[in-house]
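**Student:** A single structure is presented below for examination.
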Amino acid sequence: MATQVTVAELAGLDATTEPAVFLNLIERLVAEVRALEEELGRARDEINRLKGEQGRPRGQQKKAPRLDRSSERERREASKTWHKEAKLPAITIDRHETCTLDPATLPADAQLKDHVAVTVQDLVLRTDNVRFHCERWEAASTGQTYQAPLPAAYDGEFGPGLKALALTLAYSGNMGQAQIRRLCTSVGVHVSAGYLAGLLTCTTDFAPEAQAVGQAGLACDGYAHLDVTPTRVAGVEQQCHVLGNTAFVYYHTDLFRDRQAALRTLQLGAPSTFQLNAAAWDFLALGSTLAASTRAVLATVPADRVFTQTAWYAWLDEALPWLGPKQRQRLADAAAVGAYHAQTAVPLVDTLVCDDAPTFKGLTDDLQLCWVHEGRHYKKLTPVVSAHQTLLDEFLTAFWAYYRRLRAYQRAPTTALATALRAGFDDLFSRQTGYADLDERSAKTRAKRHALLRVLEKPYLPLHNNPAELAARRRVRKRDASFGARSPAGIHAWDVFHTLIGTAQVLGVNVLHYFQDRFARASLLPSLADLIRQRGTAPAALPAAA
């Protein structure tokens, strides 16, 4: 972000000043004016509010134009002309009917030539209400009555088809509970709102499989995506963390979006623990130097001692009472990282694929930053000088051309090509264009060189975090439709069923059939965790290079 223009800078301008200085000054002045306009509007609204008046109507509030910061068109490679896919081969035929003509309506010499196949798709939604007549036997010797049980598929007064459809509509179709009940009533099913609410929040049979999905998925690919999106629970904003890779998607809602919340997600929702081991000291080495007195106290803690959250903060209060809030947080983060790397309950993530938020740094041994997020920083630049806009357009063209070279490298990686790509990175992000904001932004990208180019040693790593962002949209759509869960049990159900639905989609499993199979106790479909394990583990990396 451009700094404010000072009086001294303006006084130093004269006829000998380079034109580029004036152009960059214009950009900074325009940015200042825009910021001041927004601040002035907010101040006026606050003054009116304090006077007991209303602020500006929403329609009169000046808003910045909505800019398209998507990079999908630029990052995608040119492909062949799109053609509509044939759908007939994928259609399952349920029944056949023959359409005939009345011979009396045809010419006398008409003869049957052949048949023309016409396929029509339809859906039948009707009740399948069953009245079971269960035998009851009575034994005089025991004085007891024995009743024949219902078939395994039936538990309670509603069958597996209705239960599976309700879950699919709620969590895959984002239909509200009232609308689901209205649909059921319209076809003759009498279901109460209370029963439906209980069905949509009951995770007894599904929570273990969601945890198994996370366990199996973390053992695949050697990396994991991670992203966060807000979620309201009983009117309080919490954070939905989305974890996944090519084998699974896992949702975990937490009160926070800090490092410890991310670590709890990597451990599939397990409570935070703390351990001052080698991994914790490595994390501390990434920041500022600790005071000698603090290091001396920390060195007295055995590396294998594991603290619960309550015990950890109690120990900090007793052993290091002089620490400020930031130092306490840093030590807690380091100890949480240490405990994560020491635990064996879940597979460790080797490489995290994410954006450049500070929250994600230092959690895993390696980090691959998202190129789409990096490109978005350049999209946010809004030059007013036409020459600067031209420079930005040319730079973005080169940016996405380099991105496509990385994509090509993933398909056929070689050491020589990796060396050339490293040199190309240095050349692209070391250019001085004369547009100050662009050059400043480019320098920030250059500082992330190592994390942006991990793909050169691990070609299997994705170049962007889009899978996690797309998975997060599932929560956003549910949030928009339902406004938020009303209880902890409700948000737990959101996490469990979004995990199962997201993973089923990744694996190509029909989620309606999956739910119906589970409710019917048929076990004809394998568990999602078994399907994940069939995909194998992580591929090997290439040798490291300078």
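Here, A, B, ... name the chains of the structure tokens in the order displayed, residue numbers run from 1 inside each chain, and ligands are numbered from 1 in the same displayed order.
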Residues at most 12 Å from Asp114 in chain A, counting only C-alpha atoms, excluding those fewer than 2 positions away in the same chain, as a ChimeraX atom specification?
**Tutor:** /A:98-100,111-112,116-117
**Student:** Per DSSP on the backbone, filter range 233-399 of chain A down to the residues in helix (DSSP H, G or I) and report them as a PyMOL selection string.
**Tutor:** chain A and resi 259-266+278-285+292-298+309-319+325-342+358-360+371-379+386-399
**Student:** Would you kindly return, as a list in words, each protein, DNA or RNA residue with an atom no farther than 8 Å from any atom of Ala319 in chain A, considering only C-alpha atoms and excluding same-chain residues fewer than 3 positions away?
**Tutor:**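 Neighbouring residues, sequence-local ones excluded: Val297, Trp315 and Leu316 of chain A.
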**Student:** Measuring atom to atom with only C-alpha atoms, identify which of A:Gly161, A:Gly424, A:Gly156, A:Gly41 is nearest to Arg126 in chain A.
**Tutor:**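 Of the candidates, the smallest distance to Arg126 in chain A is held by A:Gly161.
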**Student:** Need to verify the contact set: Gln516 in chain A, 10 Å, only C-alpha atoms, exclusion of same-chain residues closer than 5 positions in sequence. Can you return it as an MDAnalysis selection string?
**Tutor:** chainID A and resid 153 159:165 167:168 511 521:523 525
**Student:** Neighbours of Gly434 in chain A within 12 Å (only C-alpha atoms; same-chain residues fewer than 6 positions away dropped), as a list in words?
**Tutor:**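 Near Gly434 in chain A, the qualifying residues are Glu18, Pro19, Ala20, Val21, Phe22, Leu23, Asn24, Leu25, Ala387, His388, Gln389, Thr390, Leu391, Leu392, Glu440 and Ser442 of chain A.
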**Student:** What's the 9 Å shell around Gly490 in chain A, counting only C-alpha atoms, without same-chain residues fewer than 5 positions away, as a PyMOL selection string?
**Tutor:** chain A and resi 200-202+233+484-485+495
